[in-house]
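Have a look at query23.cif; it's mmCIF, C-alpha atoms and all ligand atoms:
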data_protein
loop_
_atom_site.group_PDB
_atom_site.id
_atom_site.type_symbol
_atom_site.label_atom_id
_atom_site.label_comp_id
_atom_site.auth_asym_id
_atom_site.auth_seq_id
_atom_site.Cartn_x
_atom_site.Cartn_y
_atom_site.Cartn_z
ATOM 1 C CA MET A 1 20.157 -88.908 108.950
ATOM 2 C CA THR A 2 17.552 -90.689 106.873
ATOM 3 C CA GLY A 3 17.115 -94.327 105.879
ATOM 4 C CA LEU A 4 17.380 -93.353 102.219
ATOM 5 C CA SER A 5 20.363 -94.399 100.131
ATOM 6 C CA ALA A 6 23.079 -91.794 99.668
ATOM 7 C CA GLU A 7 22.417 -91.820 95.927
ATOM 8 C CA LEU A 8 18.686 -91.164 96.330
ATOM 9 C CA ASN A 9 19.374 -88.514 98.965
ATOM 10 C CA ALA A 10 21.748 -86.736 96.586
ATOM 11 C CA ALA A 11 19.202 -86.918 93.751
ATOM 12 C CA LEU A 12 16.570 -85.384 96.035
ATOM 13 C CA GLY A 13 19.012 -82.598 96.861
ATOM 14 C CA ARG A 14 19.399 -81.770 93.169
ATOM 15 C CA LEU A 15 15.636 -81.931 92.620
ATOM 16 C CA ALA A 16 15.024 -79.611 95.569
ATOM 17 C CA ASP A 17 16.891 -76.858 93.721
ATOM 18 C CA ALA A 18 14.452 -76.852 90.790
ATOM 19 C CA GLU A 19 12.956 -73.502 89.863
ATOM 20 C CA HIS A 20 9.478 -75.073 89.780
ATOM 21 C CA LEU A 21 9.014 -78.618 91.017
ATOM 22 C CA LEU A 22 6.168 -80.957 90.084
ATOM 23 C CA VAL A 23 5.675 -83.884 92.474
ATOM 24 C CA ALA A 24 3.371 -86.319 90.691
ATOM 25 C CA LEU A 25 2.229 -89.370 92.614
ATOM 26 C CA ASP A 26 0.344 -92.523 91.849
ATOM 27 C CA PHE A 27 -2.152 -93.345 94.596
ATOM 28 C CA ASP A 28 -2.956 -97.061 95.135
ATOM 29 C CA GLY A 29 0.114 -99.059 96.095
ATOM 30 C CA THR A 30 2.264 -95.925 96.298
ATOM 31 C CA LEU A 31 0.644 -93.645 98.887
ATOM 32 C CA ALA A 32 -2.016 -96.128 100.031
ATOM 33 C CA PRO A 33 -1.598 -99.845 100.780
ATOM 34 C CA PHE A 34 -3.902 -102.214 98.926
ATOM 35 C CA VAL A 35 -7.223 -103.110 100.534
ATOM 36 C CA ASP A 36 -10.145 -105.233 99.353
ATOM 37 C CA ASN A 37 -12.571 -102.374 98.757
ATOM 38 C CA PRO A 38 -11.163 -99.404 96.773
ATOM 39 C CA ASP A 39 -13.559 -97.086 98.627
ATOM 40 C CA ASP A 40 -11.713 -97.931 101.863
ATOM 41 C CA SER A 41 -8.279 -96.905 100.532
ATOM 42 C CA ARG A 42 -6.522 -94.069 102.274
ATOM 43 C CA ALA A 43 -3.009 -92.666 102.056
ATOM 44 C CA ILE A 44 -0.947 -93.665 105.070
ATOM 45 C CA PRO A 45 -0.734 -90.746 107.545
ATOM 46 C CA GLU A 46 3.006 -90.265 106.937
ATOM 47 C CA ALA A 47 2.386 -89.846 103.199
ATOM 48 C CA ALA A 48 -0.498 -87.425 103.755
ATOM 49 C CA GLU A 49 1.699 -85.400 106.127
ATOM 50 C CA ALA A 50 4.597 -85.276 103.664
ATOM 51 C CA VAL A 51 2.266 -84.198 100.841
ATOM 52 C CA ALA A 52 0.883 -81.431 103.064
ATOM 53 C CA ARG A 53 4.424 -80.216 103.748
ATOM 54 C CA LEU A 54 5.226 -80.139 100.019
ATOM 55 C CA LEU A 55 2.050 -78.165 99.357
ATOM 56 C CA ASP A 56 3.319 -75.507 101.763
ATOM 57 C CA VAL A 57 6.497 -74.926 99.764
ATOM 58 C CA SER A 58 6.291 -72.227 97.102
ATOM 59 C CA HIS A 59 7.024 -73.008 93.440
ATOM 60 C CA THR A 60 6.039 -76.612 94.153
ATOM 61 C CA THR A 61 3.004 -78.382 92.678
ATOM 62 C CA VAL A 62 1.643 -81.746 93.828
ATOM 63 C CA ALA A 63 -0.489 -83.937 91.546
ATOM 64 C CA PHE A 64 -2.098 -87.332 92.072
ATOM 65 C CA VAL A 65 -2.098 -89.405 88.875
ATOM 66 C CA SER A 66 -4.312 -92.466 89.148
ATOM 67 C CA GLY A 67 -6.094 -95.160 87.217
ATOM 68 C CA ARG A 68 -9.153 -94.439 89.338
ATOM 69 C CA ALA A 69 -11.968 -92.302 88.013
ATOM 70 C CA VAL A 70 -11.291 -88.777 89.231
ATOM 71 C CA ASP A 71 -14.314 -88.807 91.595
ATOM 72 C CA SER A 72 -13.043 -91.987 93.210
ATOM 73 C CA LEU A 73 -9.530 -90.533 93.440
ATOM 74 C CA GLN A 74 -10.818 -87.393 95.148
ATOM 75 C CA ARG A 75 -12.838 -89.419 97.685
ATOM 76 C CA ALA A 76 -10.100 -91.910 98.520
ATOM 77 C CA SER A 77 -7.190 -89.464 98.553
ATOM 78 C CA GLN A 78 -9.129 -86.809 100.459
ATOM 79 C CA ALA A 79 -6.924 -84.481 98.437
ATOM 80 C CA PRO A 80 -6.526 -81.090 100.064
ATOM 81 C CA ASP A 81 -7.130 -77.970 97.971
ATOM 82 C CA GLY A 82 -4.264 -77.252 95.650
ATOM 83 C CA ILE A 83 -3.537 -80.798 94.548
ATOM 84 C CA LEU A 84 -4.044 -81.404 90.832
ATOM 85 C CA LEU A 85 -5.964 -84.610 90.170
ATOM 86 C CA VAL A 86 -5.614 -86.858 87.138
ATOM 87 C CA GLY A 87 -7.959 -89.826 86.876
ATOM 88 C CA SER A 88 -8.625 -92.721 84.496
ATOM 89 C CA HIS A 89 -4.929 -93.054 83.582
ATOM 90 C CA GLY A 90 -4.858 -89.560 82.052
ATOM 91 C CA ALA A 91 -8.361 -89.311 80.615
ATOM 92 C CA GLU A 92 -9.764 -87.054 83.348
ATOM 93 C CA TYR A 93 -8.341 -83.889 84.890
ATOM 94 C CA ARG A 94 -9.569 -81.955 87.926
ATOM 95 C CA PHE A 95 -7.455 -78.837 88.380
ATOM 96 C CA ASP A 96 -8.533 -76.325 91.040
ATOM 97 C CA GLY A 97 -12.007 -77.887 91.112
ATOM 98 C CA VAL A 98 -12.515 -77.589 87.357
ATOM 99 C CA ASP A 99 -13.060 -80.832 85.461
ATOM 100 C CA THR A 100 -11.889 -81.633 81.965
ATOM 101 C CA HIS A 101 -14.002 -84.574 80.943
ATOM 102 C CA PRO A 102 -12.943 -87.332 78.602
ATOM 103 C CA PRO A 103 -13.757 -86.503 74.992
ATOM 104 C CA LEU A 104 -16.446 -89.168 74.711
ATOM 105 C CA GLY A 105 -18.684 -88.878 71.651
ATOM 106 C CA ASP A 106 -21.777 -90.954 70.910
ATOM 107 C CA ALA A 107 -19.689 -93.674 69.274
ATOM 108 C CA ASP A 108 -17.415 -93.878 72.324
ATOM 109 C CA LEU A 109 -20.396 -94.074 74.681
ATOM 110 C CA ALA A 110 -21.858 -96.879 72.555
ATOM 111 C CA ARG A 111 -18.562 -98.734 72.877
ATOM 112 C CA VAL A 112 -18.591 -98.224 76.650
ATOM 113 C CA ALA A 113 -22.111 -99.711 76.761
ATOM 114 C CA THR A 114 -21.060 -102.701 74.631
ATOM 115 C CA LEU A 115 -18.032 -103.239 76.848
ATOM 116 C CA SER A 116 -20.244 -103.122 79.918
ATOM 117 C CA VAL A 117 -22.469 -105.955 78.681
ATOM 118 C CA ALA A 118 -19.486 -108.091 77.679
ATOM 119 C CA LEU A 119 -17.631 -107.652 80.975
ATOM 120 C CA GLU A 120 -20.737 -108.113 83.158
ATOM 121 C CA GLU A 121 -21.178 -111.520 81.499
ATOM 122 C CA VAL A 122 -17.571 -112.394 82.268
ATOM 123 C CA SER A 123 -17.915 -111.275 85.878
ATOM 124 C CA ALA A 124 -21.096 -113.327 86.321
ATOM 125 C CA ALA A 125 -19.276 -116.393 84.995
ATOM 126 C CA HIS A 126 -16.268 -115.859 87.313
ATOM 127 C CA PRO A 127 -17.447 -115.728 90.932
ATOM 128 C CA GLY A 128 -15.403 -113.479 93.187
ATOM 129 C CA THR A 129 -14.777 -110.887 90.472
ATOM 130 C CA TRP A 130 -16.503 -107.532 90.382
ATOM 131 C CA ILE A 131 -16.626 -104.589 88.006
ATOM 132 C CA GLU A 132 -15.738 -100.982 88.748
ATOM 133 C CA ALA A 133 -17.263 -98.533 86.268
ATOM 134 C CA LYS A 134 -15.333 -95.507 85.059
ATOM 135 C CA PRO A 135 -16.320 -92.803 82.548
ATOM 136 C CA ALA A 136 -14.459 -94.387 79.645
ATOM 137 C CA GLY A 137 -14.355 -98.038 80.622
ATOM 138 C CA PHE A 138 -14.261 -100.651 83.340
ATOM 139 C CA ALA A 139 -11.946 -102.439 85.724
ATOM 140 C CA LEU A 140 -12.522 -106.136 86.395
ATOM 141 C CA HIS A 141 -11.283 -106.776 89.950
ATOM 142 C CA THR A 142 -9.855 -110.202 90.791
ATOM 143 C CA ARG A 143 -8.326 -109.681 94.261
ATOM 144 C CA HIS A 144 -10.283 -112.534 95.834
ATOM 145 C CA LEU A 145 -9.298 -115.154 93.255
ATOM 146 C CA ASP A 146 -6.370 -117.561 93.352
ATOM 147 C CA GLY A 147 -3.801 -117.337 90.572
ATOM 148 C CA HIS A 148 -5.421 -119.913 88.325
ATOM 149 C CA ALA A 149 -8.916 -118.419 88.615
ATOM 150 C CA GLU A 150 -7.494 -114.919 88.150
ATOM 151 C CA ASN A 151 -5.760 -115.896 84.901
ATOM 152 C CA ALA A 152 -8.964 -117.524 83.652
ATOM 153 C CA ALA A 153 -11.019 -114.405 84.417
ATOM 154 C CA ASN A 154 -8.435 -112.135 82.772
ATOM 155 C CA ASP A 155 -8.306 -114.310 79.658
ATOM 156 C CA ALA A 156 -12.110 -114.425 79.453
ATOM 157 C CA ALA A 157 -12.342 -110.635 79.837
ATOM 158 C CA ARG A 158 -9.787 -110.033 77.087
ATOM 159 C CA ALA A 159 -11.583 -112.449 74.785
ATOM 160 C CA ALA A 160 -14.996 -110.917 75.530
ATOM 161 C CA ALA A 161 -13.771 -107.367 74.837
ATOM 162 C CA GLU A 162 -12.190 -108.507 71.590
ATOM 163 C CA ALA A 163 -15.277 -110.477 70.528
ATOM 164 C CA ALA A 164 -17.437 -107.435 71.259
ATOM 165 C CA GLY A 165 -15.352 -105.587 68.678
ATOM 166 C CA VAL A 166 -14.579 -102.745 71.034
ATOM 167 C CA PRO A 167 -11.275 -101.076 70.246
ATOM 168 C CA ALA A 168 -10.279 -100.846 73.868
ATOM 169 C CA LYS A 169 -7.016 -100.117 75.585
ATOM 170 C CA VAL A 170 -6.292 -103.016 77.922
ATOM 171 C CA ARG A 171 -4.209 -102.504 81.050
ATOM 172 C CA ASP A 172 -3.006 -105.149 83.470
ATOM 173 C CA GLY A 173 -2.784 -103.967 87.067
ATOM 174 C CA LYS A 174 -2.495 -105.507 90.509
ATOM 175 C CA ASN A 175 -5.428 -107.916 90.816
ATOM 176 C CA VAL A 176 -7.257 -105.898 88.198
ATOM 177 C CA ILE A 177 -7.580 -105.792 84.424
ATOM 178 C CA GLU A 178 -8.828 -102.575 82.863
ATOM 179 C CA PHE A 179 -10.535 -101.798 79.567
ATOM 180 C CA SER A 180 -10.956 -98.275 78.215
ATOM 181 C CA VAL A 181 -12.245 -96.872 74.943
ATOM 182 C CA LEU A 182 -9.600 -94.145 75.257
ATOM 183 C CA SER A 183 -5.917 -94.832 74.801
ATOM 184 C CA VAL A 184 -4.327 -92.013 76.794
ATOM 185 C CA THR A 185 -1.668 -92.957 79.322
ATOM 186 C CA LYS A 186 -0.069 -91.619 82.466
ATOM 187 C CA GLY A 187 2.799 -90.506 80.227
ATOM 188 C CA ASP A 188 0.393 -88.163 78.427
ATOM 189 C CA ALA A 189 -0.722 -86.930 81.847
ATOM 190 C CA ILE A 190 2.839 -86.109 82.937
ATOM 191 C CA ARG A 191 3.484 -84.192 79.703
ATOM 192 C CA HIS A 192 0.285 -82.207 80.224
ATOM 193 C CA LEU A 193 1.057 -81.524 83.887
ATOM 194 C CA ARG A 194 4.575 -80.369 83.005
ATOM 195 C CA ASP A 195 3.192 -77.904 80.434
ATOM 196 C CA TYR A 196 0.346 -76.749 82.689
ATOM 197 C CA THR A 197 2.555 -76.073 85.708
ATOM 198 C CA GLY A 198 5.685 -74.909 83.875
ATOM 199 C CA ALA A 199 7.639 -77.364 85.994
ATOM 200 C CA THR A 200 11.388 -77.393 85.425
ATOM 201 C CA ALA A 201 11.760 -80.766 87.168
ATOM 202 C CA VAL A 202 9.433 -83.643 87.981
ATOM 203 C CA LEU A 203 9.370 -86.407 90.571
ATOM 204 C CA TYR A 204 7.062 -89.284 89.689
ATOM 205 C CA ALA A 205 6.435 -92.199 92.048
ATOM 206 C CA GLY A 206 4.386 -95.275 91.191
ATOM 207 C CA ASP A 207 4.115 -98.989 91.826
ATOM 208 C CA ASP A 208 2.322 -100.545 88.871
ATOM 209 C CA VAL A 209 2.777 -101.407 85.210
ATOM 210 C CA THR A 210 0.733 -98.389 84.123
ATOM 211 C CA ASP A 211 3.185 -96.116 85.956
ATOM 212 C CA GLU A 212 5.902 -97.178 83.520
ATOM 213 C CA ASP A 213 4.314 -94.861 80.918
ATOM 214 C CA ALA A 214 4.932 -91.958 83.301
ATOM 215 C CA PHE A 215 8.492 -93.019 84.117
ATOM 216 C CA ALA A 216 9.224 -93.299 80.401
ATOM 217 C CA VAL A 217 8.582 -89.603 79.693
ATOM 218 C CA LEU A 218 10.873 -88.331 82.457
ATOM 219 C CA GLY A 219 14.217 -86.797 81.536
ATOM 220 C CA ASP A 220 17.659 -86.319 83.049
ATOM 221 C CA GLY A 221 16.675 -83.591 85.488
ATOM 222 C CA ASP A 222 13.690 -85.558 86.787
ATOM 223 C CA LEU A 223 13.424 -88.346 89.357
ATOM 224 C CA SER A 224 11.579 -91.622 88.833
ATOM 225 C CA LEU A 225 10.750 -93.739 91.884
ATOM 226 C CA LYS A 226 9.350 -97.258 91.703
ATOM 227 C CA CYS A 227 7.571 -98.556 94.803
ATOM 228 C CA GLY A 228 7.762 -102.335 95.261
ATOM 229 C CA GLU A 229 8.864 -105.207 93.086
ATOM 230 C CA GLY A 230 8.649 -105.804 89.342
ATOM 231 C CA ASP A 231 10.484 -104.686 86.235
ATOM 232 C CA SER A 232 10.755 -100.935 85.907
ATOM 233 C CA VAL A 233 12.570 -98.233 83.989
ATOM 234 C CA ALA A 234 12.522 -96.065 87.128
ATOM 235 C CA ARG A 235 15.959 -94.871 88.295
ATOM 236 C CA TYR A 236 15.255 -95.373 92.006
ATOM 237 C CA ARG A 237 13.301 -97.961 93.956
ATOM 238 C CA VAL A 238 11.838 -98.261 97.447
ATOM 239 C CA ALA A 239 9.820 -101.081 98.986
ATOM 240 C CA THR A 240 6.643 -99.671 100.517
ATOM 241 C CA PRO A 241 4.338 -96.627 100.745
ATOM 242 C CA ALA A 242 6.051 -95.833 104.074
ATOM 243 C CA ASP A 243 9.337 -95.541 102.165
ATOM 244 C CA VAL A 244 7.674 -93.281 99.578
ATOM 245 C CA ALA A 245 6.484 -91.112 102.470
ATOM 246 C CA ASP A 246 10.076 -90.901 103.748
ATOM 247 C CA VAL A 247 11.250 -89.757 100.308
ATOM 248 C CA LEU A 248 8.537 -87.086 100.138
ATOM 249 C CA ALA A 249 9.268 -85.877 103.668
ATOM 250 C CA ARG A 250 12.983 -85.589 102.866
ATOM 251 C CA LEU A 251 12.209 -83.710 99.653
ATOM 252 C CA ALA A 252 9.943 -81.295 101.541
ATOM 253 C CA GLU A 253 12.692 -80.725 104.090
ATOM 254 C CA LEU A 254 15.358 -80.113 101.438
ATOM 255 C CA ARG A 255 13.134 -77.854 99.374
ATOM 256 C CA ALA A 256 12.050 -75.775 102.361
ATOM 257 C CA ALA A 257 15.747 -75.370 103.248
ATOM 258 C CA THR A 258 16.341 -73.679 99.898
ATOM 259 C CA GLY A 259 14.365 -70.755 101.309
ATOM 260 C CA ARG A 260 11.283 -71.227 99.143
HETATM 261 O O1 LIG B 1 -3.156 -95.775 89.348
HETATM 262 P P1 LIG B 1 -3.518 -96.155 90.758
HETATM 263 O O2 LIG B 1 -3.820 -94.982 91.636
HETATM 264 O O3 LIG B 1 -2.499 -97.071 91.358
HETATM 265 O O4 LIG B 1 -4.883 -96.972 90.615
HETATM 266 C C1 LIG B 1 -4.848 -98.301 90.093
HETATM 267 C C2 LIG B 1 -6.148 -98.979 90.428
HETATM 268 O O5 LIG B 1 -6.314 -98.826 91.843
HETATM 269 C C3 LIG B 1 -7.503 -99.372 92.419
HETATM 270 O O6 LIG B 1 -7.386 -100.778 92.432
HETATM 271 C C4 LIG B 1 -6.277 -101.231 93.206
HETATM 272 O O7 LIG B 1 -6.454 -100.804 94.577
HETATM 273 C C5 LIG B 1 -7.611 -101.371 95.229
HETATM 274 C C6 LIG B 1 -7.671 -100.757 96.623
HETATM 275 O O8 LIG B 1 -6.502 -100.996 97.354
HETATM 276 C C7 LIG B 1 -7.486 -102.898 95.263
HETATM 277 O O9 LIG B 1 -8.629 -103.479 95.882
HETATM 278 C C8 LIG B 1 -7.324 -103.439 93.830
HETATM 279 O O10 LIG B 1 -7.047 -104.840 93.870
HETATM 280 C C9 LIG B 1 -6.162 -102.737 93.129
HETATM 281 O O11 LIG B 1 -6.089 -103.126 91.760
HETATM 282 C C10 LIG B 1 -8.738 -98.901 91.703
HETATM 283 O O12 LIG B 1 -9.864 -99.596 92.170
HETATM 284 C C11 LIG B 1 -8.605 -99.019 90.181
HETATM 285 O O13 LIG B 1 -9.706 -98.372 89.559
HETATM 286 C C12 LIG B 1 -7.335 -98.321 89.750
HETATM 287 O O14 LIG B 1 -7.184 -98.350 88.345
#

Reformat the file's structure so that it appears as C-alpha cells.
Amino acid sequence: MTGLSAELNAALGRLADAEHLLVALDFDGTLAPFVDNPDDSRAIPEAAEAVARLLDVSHTTVAFVSGRAVDSLQRASQAPDGILLVGSHGAEYRFDGVDTHPPLGDADLARVATLSVALEEVSAAHPGTWIEAKPAGFALHTRHLDGHAENAANDAARAAAEAAGVPAKVRDGKNVIEFSVLSVTKGDAIRHLRDYTGATAVLYAGDDVTDEDAFAVLGDGDLSLKCGEGDSVARYRVATPADVADVLARLAELRAATGR
C-alpha cells in the first residue's frame, strides 16, 4: 500500500510500461525544501534515494530542469552521473558532462551588463534583497522581505529593467523575480529532452509558475505533477517534496517490476 491516490497510482502504473521513460524534475520546492541560501539547498534524502533507484532502471532517463544556473544546479543537487541537467529555465544544458552554453552574442552580453547595473541599483535601494547572477540574467531574491516590501522591490526591478531598455524575459518565482535576455522556457527544455532521449513518455514534477511551461507541453501519455499550492494545469497534485519522493519511489518500484 502507498499513501498515493488510487488515480495517481494507476497513472504511474501506465507510465511504468513506457518503452523509454523520461523523468524530468524541477529542483527547488520539488525535490528540495526552500532555504534562505540557495547554496544550502539539498534534495531530501528520500527524493535522492528514489532518483537513484530510477537511474538503476534500464530505458529510463532522469533529468533535473531548473531555473538555477547549471553550475549551481549541479552543486546543490549533487547529481549523480547519468542525470541530464538543464539550467537557467532551459538556456543551459549539461548532458554527460558536456555543456551547451547559451547562445549569447556581444549584444546579449551588453544587455546582461546593462541589466546588472539596473538591478544592482534596485537591490541597493531595497534592503534585504540580493542578486544571484546567471549566464543570461539575474534573479532578485526577496525571501527576507514582508509582502509589502517584496511587492515594492519587484515593481522597482520590473521598472528598472524596462527603463534600461533591455528586452528581458521576466519570471515571477517564489520570493524571487528573474530577468533573462533569453526567452527560452522549461517547455522548450522538455521538448529537447524528449527528442534527445527518444522518450515515449514523460513525467514532469514542479512547484512553481515557471514549471507550468513544462506541464503545458506534456501529452496524453505523460504525467504532470504539481507540488504544493497555486493554479496549475498539471493533472496530479501532491503537497510536499516528501510526497514527490513517494511518487518517484513508487514509479521506480513499478518500473523495476516490469522486468527492465
Ligand atoms: O526551477 P527551480 O529548480 O525551482 O529553481 C527556481 C529558483 O530556485 C532558487 O531559488 C529558490 O530556492 C532558494 C533556495 O531554497 C530560495 O532561497 C529562494 O527564495 C527560491 O526562490 C534559485 O536560487 C533560483 O536561481 C532559481 O531560479

Quick one: everything within 7 Å of Val70 of chain A, counting only C-alpha atoms, minus sequence neighbours fewer than 3 positions away in the same chain. Send it as an mmCIF file with C-alpha atoms, in the coordinates of the input.
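To be explicit, this is the file written out as out_11.cif:
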data_model
loop_
_atom_site.group_PDB
_atom_site.id
_atom_site.type_symbol
_atom_site.label_atom_id
_atom_site.label_comp_id
_atom_site.auth_asym_id
_atom_site.auth_seq_id
_atom_site.Cartn_x
_atom_site.Cartn_y
_atom_site.Cartn_z
ATOM 1 C CA LEU A 73 -9.530 -90.533 93.440
ATOM 2 C CA GLN A 74 -10.818 -87.393 95.148
ATOM 3 C CA LEU A 85 -5.964 -84.610 90.170
ATOM 4 C CA VAL A 86 -5.614 -86.858 87.138
ATOM 5 C CA GLY A 87 -7.959 -89.826 86.876
ATOM 6 C CA SER A 88 -8.625 -92.721 84.496
ATOM 7 C CA GLU A 92 -9.764 -87.054 83.348
#

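Computed from the coordinates, the atom CA of Leu21 of chain A to atom CA of Tyr196 of chain A distance equals 12.2 Å.
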
task = Could you state which residues are captured by the PyMOL selection byres (((chain A and resi 130) around 6) and not hetatm) in this file, as JSON, numbers by chain?
result = {"A": [129, 131, 140, 141]}

Those residues with C-alpha atoms, as an mmCIF file, in the frame of the given file please?
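The resulting part13.cif:
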data_model
loop_
_atom_site.group_PDB
_atom_site.id
_atom_site.type_symbol
_atom_site.label_atom_id
_atom_site.label_comp_id
_atom_site.auth_asym_id
_atom_site.auth_seq_id
_atom_site.Cartn_x
_atom_site.Cartn_y
_atom_site.Cartn_z
ATOM 1 C CA THR A 129 -14.777 -110.887 90.472
ATOM 2 C CA ILE A 131 -16.626 -104.589 88.006
ATOM 3 C CA LEU A 140 -12.522 -106.136 86.395
ATOM 4 C CA HIS A 141 -11.283 -106.776 89.950
#

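Coordinates place atom CA of Ser72 of chain A at a distance of 8.3 Å from atom O12 of ligand LIG 1 (chain B).
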
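Residues within 10 Å of Pro33 of chain A, counting all atoms listed in the file and excluding same-chain residues fewer than 4 positions away, are Phe27, Asp28, Gly29, Ser41, Arg42, Ala43, Ile44, Thr240, Pro241 and Ala242 of chain A.
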
query = Do you know which residues are within 9 Å of ligand LIG 1 (chain B) using only C-alpha atoms and all ligand atoms? Can you write them as a ChimeraX atom specification?
reply = /A:25-42,64-69,72-73,87-89,132-134,138-144,171,173-178,186,206-208,210-211
